[in-house]
Amino acid sequence: MDKKDLFGLCGRALDGKYDVERVVARGGFGVVYRAEHRALRKTVAIKVLVLPGTLDDAMRQEFLRGFEQEARLVAGLTHPAVVRALDFGVSPMPVGGEAPWMVMEWVEGRTLADDLVARRGSAPRSPAECLGLLKPVFEALAEAHERGVTPRDIKPANAMVVPPTPERGDPGTPPPR
């Protein structure tokens with residue numbers, strides 16, 4: 001098993017709807033997987049969260065209620081630079097126990113962190129290029145704050161640099177996925 005596949009989901013189905021293909025990223029709060037929605041035959045990202053092991057039953061239920069509320073809030077964001085939430089739940093994991101998960105649209109591109117590394121040694125971006133890259137992030141954060149959502153993990157590794165699409169317009173950097 002891949003050391004990054006903390007939940008043992010690669011090559012398995014989640015919730016009977018998602019065929020999990022591979023680990024995309026692993027962080028302190030969980031693992032992001034690439035998967036395919038079985039019925040729609042559409043690529044999605046699935047973020048599976050680690051439940052803190054120190055939670056008693058009441059605290060665990062409160063954590064899961066908070067996760068459900070967060071999933072609903074995120075699903076309500078409609079900014080083109082925000083990755084859309086499509087589904088969520090709590091399911092048994094192949095390695096044991098259960099974990100909360102959120103399915104999000106799959107966005108092609110690379111992280112801003114990877115983009116910055118790839119540009120090392122190149123000419124720096126102009127202020128206008130930097131503003132163009134970060135403006136969608138600022139606008140998305142403003143919309144999130146207006147709706148009472150406080151993103152907690154904004155950093156280059158959690159932002160995507162994406163090519164232009166009809167839905168997203170100019171290249172932008174959506175917040176965490």
# chains A, B, ... in the order shown; residues from 1 in each chain; ligands from 1
call {"tool": "select_by_dssp", "arguments": {"residues": "segment 2-125 of chain A", "states": "helix (DSSP H, G or I)", "output": "mmCIF file with all heavy atoms, in the first residue's frame"}}
result
data_model
loop_
_atom_site.group_PDB
_atom_site.id
_atom_site.type_symbol
_atom_site.label_atom_id
_atom_site.label_comp_id
_atom_site.auth_asym_id
_atom_site.auth_seq_id
_atom_site.Cartn_x
_atom_site.Cartn_y
_atom_site.Cartn_z
ATOM 1 N N ASP A 57 -16.965 10.269 22.263
ATOM 2 C CA ASP A 57 -18.128 10.134 21.380
ATOM 3 C C ASP A 57 -18.849 11.463 21.151
ATOM 4 O O ASP A 57 -19.223 11.788 20.023
ATOM 5 C CB ASP A 57 -19.110 9.096 21.935
ATOM 6 C CG ASP A 57 -18.630 7.677 21.709
ATOM 7 O OD1 ASP A 57 -17.744 7.475 20.853
ATOM 8 O OD2 ASP A 57 -19.152 6.765 22.380
ATOM 9 N N ALA A 58 -19.053 12.248 22.205
ATOM 10 C CA ALA A 58 -19.769 13.518 22.072
ATOM 11 C C ALA A 58 -18.967 14.501 21.214
ATOM 12 O O ALA A 58 -19.530 15.182 20.338
ATOM 13 C CB ALA A 58 -20.043 14.121 23.449
ATOM 14 N N MET A 59 -17.657 14.565 21.431
ATOM 15 C CA MET A 59 -16.808 15.474 20.652
ATOM 16 C C MET A 59 -16.738 15.018 19.193
ATOM 17 O O MET A 59 -16.704 15.844 18.280
ATOM 18 C CB MET A 59 -15.407 15.539 21.259
ATOM 19 C CG MET A 59 -15.373 16.252 22.611
ATOM 20 S SD MET A 59 -13.789 16.100 23.482
ATOM 21 C CE MET A 59 -12.657 16.839 22.340
ATOM 22 N N ARG A 60 -16.734 13.714 18.987
ATOM 23 C CA ARG A 60 -16.704 13.172 17.626
ATOM 24 C C ARG A 60 -17.968 13.571 16.881
ATOM 25 O O ARG A 60 -17.928 13.991 15.727
ATOM 26 C CB ARG A 60 -16.552 11.654 17.687
ATOM 27 C CG ARG A 60 -16.444 11.004 16.341
ATOM 28 C CD ARG A 60 -16.235 9.476 16.529
ATOM 29 N NE ARG A 60 -16.233 8.829 15.263
ATOM 30 C CZ ARG A 60 -17.310 8.607 14.504
ATOM 31 N NH1 ARG A 60 -18.499 8.962 14.914
ATOM 32 N NH2 ARG A 60 -17.204 8.017 13.331
ATOM 33 N N GLN A 61 -19.121 13.432 17.531
ATOM 34 C CA GLN A 61 -20.392 13.814 16.901
ATOM 35 C C GLN A 61 -20.415 15.311 16.597
ATOM 36 O O GLN A 61 -20.897 15.727 15.545
ATOM 37 C CB GLN A 61 -21.577 13.423 17.791
ATOM 38 C CG GLN A 61 -21.814 11.923 17.850
ATOM 39 C CD GLN A 61 -21.975 11.311 16.465
ATOM 40 O OE1 GLN A 61 -22.678 11.826 15.604
ATOM 41 N NE2 GLN A 61 -21.291 10.198 16.230
ATOM 42 N N GLU A 62 -19.866 16.123 17.495
ATOM 43 C CA GLU A 62 -19.798 17.568 17.266
ATOM 44 C C GLU A 62 -18.875 17.873 16.086
ATOM 45 O O GLU A 62 -19.189 18.722 15.244
ATOM 46 C CB GLU A 62 -19.308 18.292 18.525
ATOM 47 C CG GLU A 62 -19.305 19.792 18.401
ATOM 48 C CD GLU A 62 -20.687 20.387 18.131
ATOM 49 O OE1 GLU A 62 -21.708 19.821 18.572
ATOM 50 O OE2 GLU A 62 -20.754 21.432 17.446
ATOM 51 N N PHE A 63 -17.752 17.184 15.987
ATOM 52 C CA PHE A 63 -16.825 17.349 14.866
ATOM 53 C C PHE A 63 -17.532 17.031 13.553
ATOM 54 O O PHE A 63 -17.440 17.781 12.585
ATOM 55 C CB PHE A 63 -15.609 16.433 15.049
ATOM 56 C CG PHE A 63 -14.592 16.520 13.946
ATOM 57 C CD1 PHE A 63 -13.525 17.400 14.031
ATOM 58 C CD2 PHE A 63 -14.688 15.723 12.810
ATOM 59 C CE1 PHE A 63 -12.587 17.488 13.014
ATOM 60 C CE2 PHE A 63 -13.764 15.802 11.784
ATOM 61 C CZ PHE A 63 -12.703 16.688 11.890
ATOM 62 N N LEU A 64 -18.269 15.913 13.528
ATOM 63 C CA LEU A 64 -18.970 15.503 12.301
ATOM 64 C C LEU A 64 -20.091 16.469 11.939
ATOM 65 O O LEU A 64 -20.323 16.742 10.765
ATOM 66 C CB LEU A 64 -19.486 14.073 12.432
ATOM 67 C CG LEU A 64 -18.393 12.999 12.508
ATOM 68 C CD1 LEU A 64 -18.995 11.629 12.773
ATOM 69 C CD2 LEU A 64 -17.546 12.994 11.249
ATOM 70 N N ARG A 65 -20.788 17.023 12.940
ATOM 71 C CA ARG A 65 -21.821 18.043 12.663
ATOM 72 C C ARG A 65 -21.170 19.287 12.053
ATOM 73 O O ARG A 65 -21.693 19.878 11.122
ATOM 74 C CB ARG A 65 -22.594 18.401 13.933
ATOM 75 C CG ARG A 65 -23.763 17.481 14.219
ATOM 76 C CD ARG A 65 -24.676 18.039 15.299
ATOM 77 N NE ARG A 65 -24.023 18.128 16.607
ATOM 78 C CZ ARG A 65 -23.889 17.121 17.463
ATOM 79 N NH1 ARG A 65 -24.363 15.929 17.160
ATOM 80 N NH2 ARG A 65 -23.298 17.296 18.619
ATOM 81 N N GLY A 66 -20.022 19.681 12.604
ATOM 82 C CA GLY A 66 -19.298 20.831 12.056
ATOM 83 C C GLY A 66 -18.844 20.579 10.631
ATOM 84 O O GLY A 66 -18.917 21.460 9.773
ATOM 85 N N PHE A 67 -18.374 19.357 10.362
ATOM 86 C CA PHE A 67 -17.963 18.988 9.013
ATOM 87 C C PHE A 67 -19.144 19.069 8.052
ATOM 88 O O PHE A 67 -19.029 19.611 6.949
ATOM 89 C CB PHE A 67 -17.368 17.577 9.009
ATOM 90 C CG PHE A 67 -17.157 17.025 7.632
ATOM 91 C CD1 PHE A 67 -16.117 17.479 6.835
ATOM 92 C CD2 PHE A 67 -18.007 16.055 7.124
ATOM 93 C CE1 PHE A 67 -15.929 16.980 5.561
ATOM 94 C CE2 PHE A 67 -17.825 15.552 5.849
ATOM 95 C CZ PHE A 67 -16.784 16.011 5.068
ATOM 96 N N GLU A 68 -20.300 18.559 8.468
ATOM 97 C CA GLU A 68 -21.499 18.612 7.626
ATOM 98 C C GLU A 68 -21.896 20.062 7.349
ATOM 99 O O GLU A 68 -22.208 20.422 6.206
ATOM 100 C CB GLU A 68 -22.652 17.873 8.302
ATOM 101 C CG GLU A 68 -23.919 17.857 7.488
ATOM 102 C CD GLU A 68 -25.038 17.062 8.127
ATOM 103 O OE1 GLU A 68 -24.756 16.158 8.934
ATOM 104 O OE2 GLU A 68 -26.203 17.347 7.800
ATOM 105 N N GLN A 69 -21.853 20.898 8.370
ATOM 106 C CA GLN A 69 -22.186 22.309 8.182
ATOM 107 C C GLN A 69 -21.198 22.962 7.222
ATOM 108 O O GLN A 69 -21.598 23.713 6.325
ATOM 109 C CB GLN A 69 -22.171 23.030 9.520
ATOM 110 C CG GLN A 69 -22.529 24.494 9.410
ATOM 111 C CD GLN A 69 -22.487 25.196 10.757
ATOM 112 O OE1 GLN A 69 -21.954 24.694 11.740
ATOM 113 N NE2 GLN A 69 -23.066 26.383 10.805
ATOM 114 N N GLU A 70 -19.908 22.666 7.377
ATOM 115 C CA GLU A 70 -18.895 23.227 6.484
ATOM 116 C C GLU A 70 -19.123 22.773 5.042
ATOM 117 O O GLU A 70 -19.019 23.562 4.106
ATOM 118 C CB GLU A 70 -17.504 22.812 6.940
ATOM 119 C CG GLU A 70 -16.398 23.359 6.066
ATOM 120 C CD GLU A 70 -15.019 22.965 6.547
ATOM 121 O OE1 GLU A 70 -14.860 22.577 7.720
ATOM 122 O OE2 GLU A 70 -14.091 23.041 5.727
ATOM 123 N N ALA A 71 -19.453 21.492 4.864
ATOM 124 C CA ALA A 71 -19.693 20.975 3.514
ATOM 125 C C ALA A 71 -20.860 21.708 2.856
ATOM 126 O O ALA A 71 -20.795 22.070 1.680
ATOM 127 C CB ALA A 71 -19.966 19.468 3.570
ATOM 128 N N ARG A 72 -21.904 21.949 3.603
ATOM 129 C CA ARG A 72 -23.059 22.667 3.053
ATOM 130 C C ARG A 72 -22.706 24.123 2.721
ATOM 131 O O ARG A 72 -23.147 24.659 1.707
ATOM 132 C CB ARG A 72 -24.228 22.604 4.020
ATOM 133 C CG ARG A 72 -24.818 21.209 4.143
ATOM 134 C CD ARG A 72 -25.979 21.184 5.139
ATOM 135 N NE ARG A 72 -26.321 19.846 5.543
ATOM 136 C CZ ARG A 72 -27.035 18.982 4.830
ATOM 137 N NH1 ARG A 72 -27.485 19.337 3.645
ATOM 138 N NH2 ARG A 72 -27.293 17.772 5.284
ATOM 139 N N LEU A 73 -21.913 24.756 3.578
ATOM 140 C CA LEU A 73 -21.484 26.131 3.308
ATOM 141 C C LEU A 73 -20.613 26.200 2.057
ATOM 142 O O LEU A 73 -20.815 27.052 1.194
ATOM 143 C CB LEU A 73 -20.710 26.700 4.499
ATOM 144 C CG LEU A 73 -21.538 27.134 5.700
ATOM 145 C CD1 LEU A 73 -20.623 27.440 6.893
ATOM 146 C CD2 LEU A 73 -22.384 28.338 5.373
ATOM 147 N N VAL A 74 -19.659 25.296 1.949
ATOM 148 C CA VAL A 74 -18.776 25.276 0.782
ATOM 149 C C VAL A 74 -19.589 25.012 -0.485
ATOM 150 O O VAL A 74 -19.365 25.635 -1.522
ATOM 151 C CB VAL A 74 -17.652 24.236 0.951
ATOM 152 C CG1 VAL A 74 -16.871 24.041 -0.335
ATOM 153 C CG2 VAL A 74 -16.714 24.654 2.077
ATOM 154 N N ALA A 75 -20.551 24.099 -0.403
ATOM 155 C CA ALA A 75 -21.389 23.794 -1.569
ATOM 156 C C ALA A 75 -22.202 25.009 -2.006
ATOM 157 O O ALA A 75 -22.584 25.112 -3.171
ATOM 158 C CB ALA A 75 -22.312 22.617 -1.261
ATOM 159 N N LEU A 112 -0.138 26.262 -7.072
ATOM 160 C CA LEU A 112 0.682 27.467 -7.128
ATOM 161 C C LEU A 112 2.074 27.161 -6.580
ATOM 162 O O LEU A 112 3.070 27.673 -7.099
ATOM 163 C CB LEU A 112 0.014 28.601 -6.344
ATOM 164 C CG LEU A 112 0.754 29.936 -6.308
ATOM 165 C CD1 LEU A 112 1.048 30.443 -7.717
ATOM 166 C CD2 LEU A 112 -0.052 30.957 -5.517
ATOM 167 N N ALA A 113 2.178 26.305 -5.573
ATOM 168 C CA ALA A 113 3.489 25.923 -5.036
ATOM 169 C C ALA A 113 4.338 25.256 -6.118
ATOM 170 O O ALA A 113 5.519 25.587 -6.284
ATOM 171 C CB ALA A 113 3.320 24.997 -3.839
ATOM 172 N N ASP A 114 3.746 24.319 -6.868
ATOM 173 C CA ASP A 114 4.474 23.655 -7.955
ATOM 174 C C ASP A 114 4.841 24.648 -9.054
ATOM 175 O O ASP A 114 5.932 24.568 -9.641
ATOM 176 C CB ASP A 114 3.650 22.509 -8.542
ATOM 177 C CG ASP A 114 3.532 21.324 -7.593
ATOM 178 O OD1 ASP A 114 4.339 21.210 -6.643
ATOM 179 O OD2 ASP A 114 2.615 20.503 -7.811
ATOM 180 N N ASP A 115 3.938 25.576 -9.333
ATOM 181 C CA ASP A 115 4.207 26.588 -10.349
ATOM 182 C C ASP A 115 5.394 27.460 -9.939
ATOM 183 O O ASP A 115 6.268 27.762 -10.754
ATOM 184 C CB ASP A 115 2.956 27.450 -10.564
ATOM 185 C CG ASP A 115 3.149 28.494 -11.637
ATOM 186 O OD1 ASP A 115 3.181 28.105 -12.827
ATOM 187 O OD2 ASP A 115 3.279 29.684 -11.288
ATOM 188 N N LEU A 116 5.445 27.839 -8.679
ATOM 189 C CA LEU A 116 6.550 28.669 -8.200
ATOM 190 C C LEU A 116 7.877 27.924 -8.279
ATOM 191 O O LEU A 116 8.895 28.492 -8.679
ATOM 192 C CB LEU A 116 6.273 29.143 -6.770
ATOM 193 C CG LEU A 116 5.104 30.114 -6.612
ATOM 194 C CD1 LEU A 116 4.785 30.336 -5.141
ATOM 195 C CD2 LEU A 116 5.376 31.429 -7.318
ATOM 196 N N VAL A 117 7.869 26.645 -7.933
ATOM 197 C CA VAL A 117 9.087 25.832 -8.027
ATOM 198 C C VAL A 117 9.525 25.720 -9.487
ATOM 199 O O VAL A 117 10.708 25.865 -9.811
ATOM 200 C CB VAL A 117 8.872 24.434 -7.405
ATOM 201 C CG1 VAL A 117 10.013 23.489 -7.756
ATOM 202 C CG2 VAL A 117 8.711 24.543 -5.891
ATOM 203 N N ALA A 118 8.588 25.473 -10.389
ATOM 204 C CA ALA A 118 8.912 25.319 -11.809
ATOM 205 C C ALA A 118 9.468 26.610 -12.405
ATOM 206 O O ALA A 118 10.241 26.561 -13.364
ATOM 207 C CB ALA A 118 7.665 24.885 -12.594
#
call {"tool": "select_by_dssp", "arguments": {"residues": "segment 91-150 of chain A", "states": "strand (DSSP E)", "output": "PyMOL selection string"}}
result
chain A and resi 91-92+98-105+110-111
call {"tool": "atom_distance", "arguments": {"atom1": "atom CA of Ala35 of chain A", "atom2": "atom CA of Asp19 of chain A"}}
result
5.3 Å
call {"tool": "atom_distance", "arguments": {"atom1": "atom CA of Leu86 of chain A", "atom2": "atom CA of Asp2 of chain A"}}
result
26.4 Å
call {"tool": "residues_around", "arguments": {"residues": "segment 46-55 of chain A", "least_positions_apart": "5", "cutoff": "6 Å", "atoms": "only C-alpha atoms", "output": "ChimeraX atom specification"}}
result
/A:29-33,60,100-103
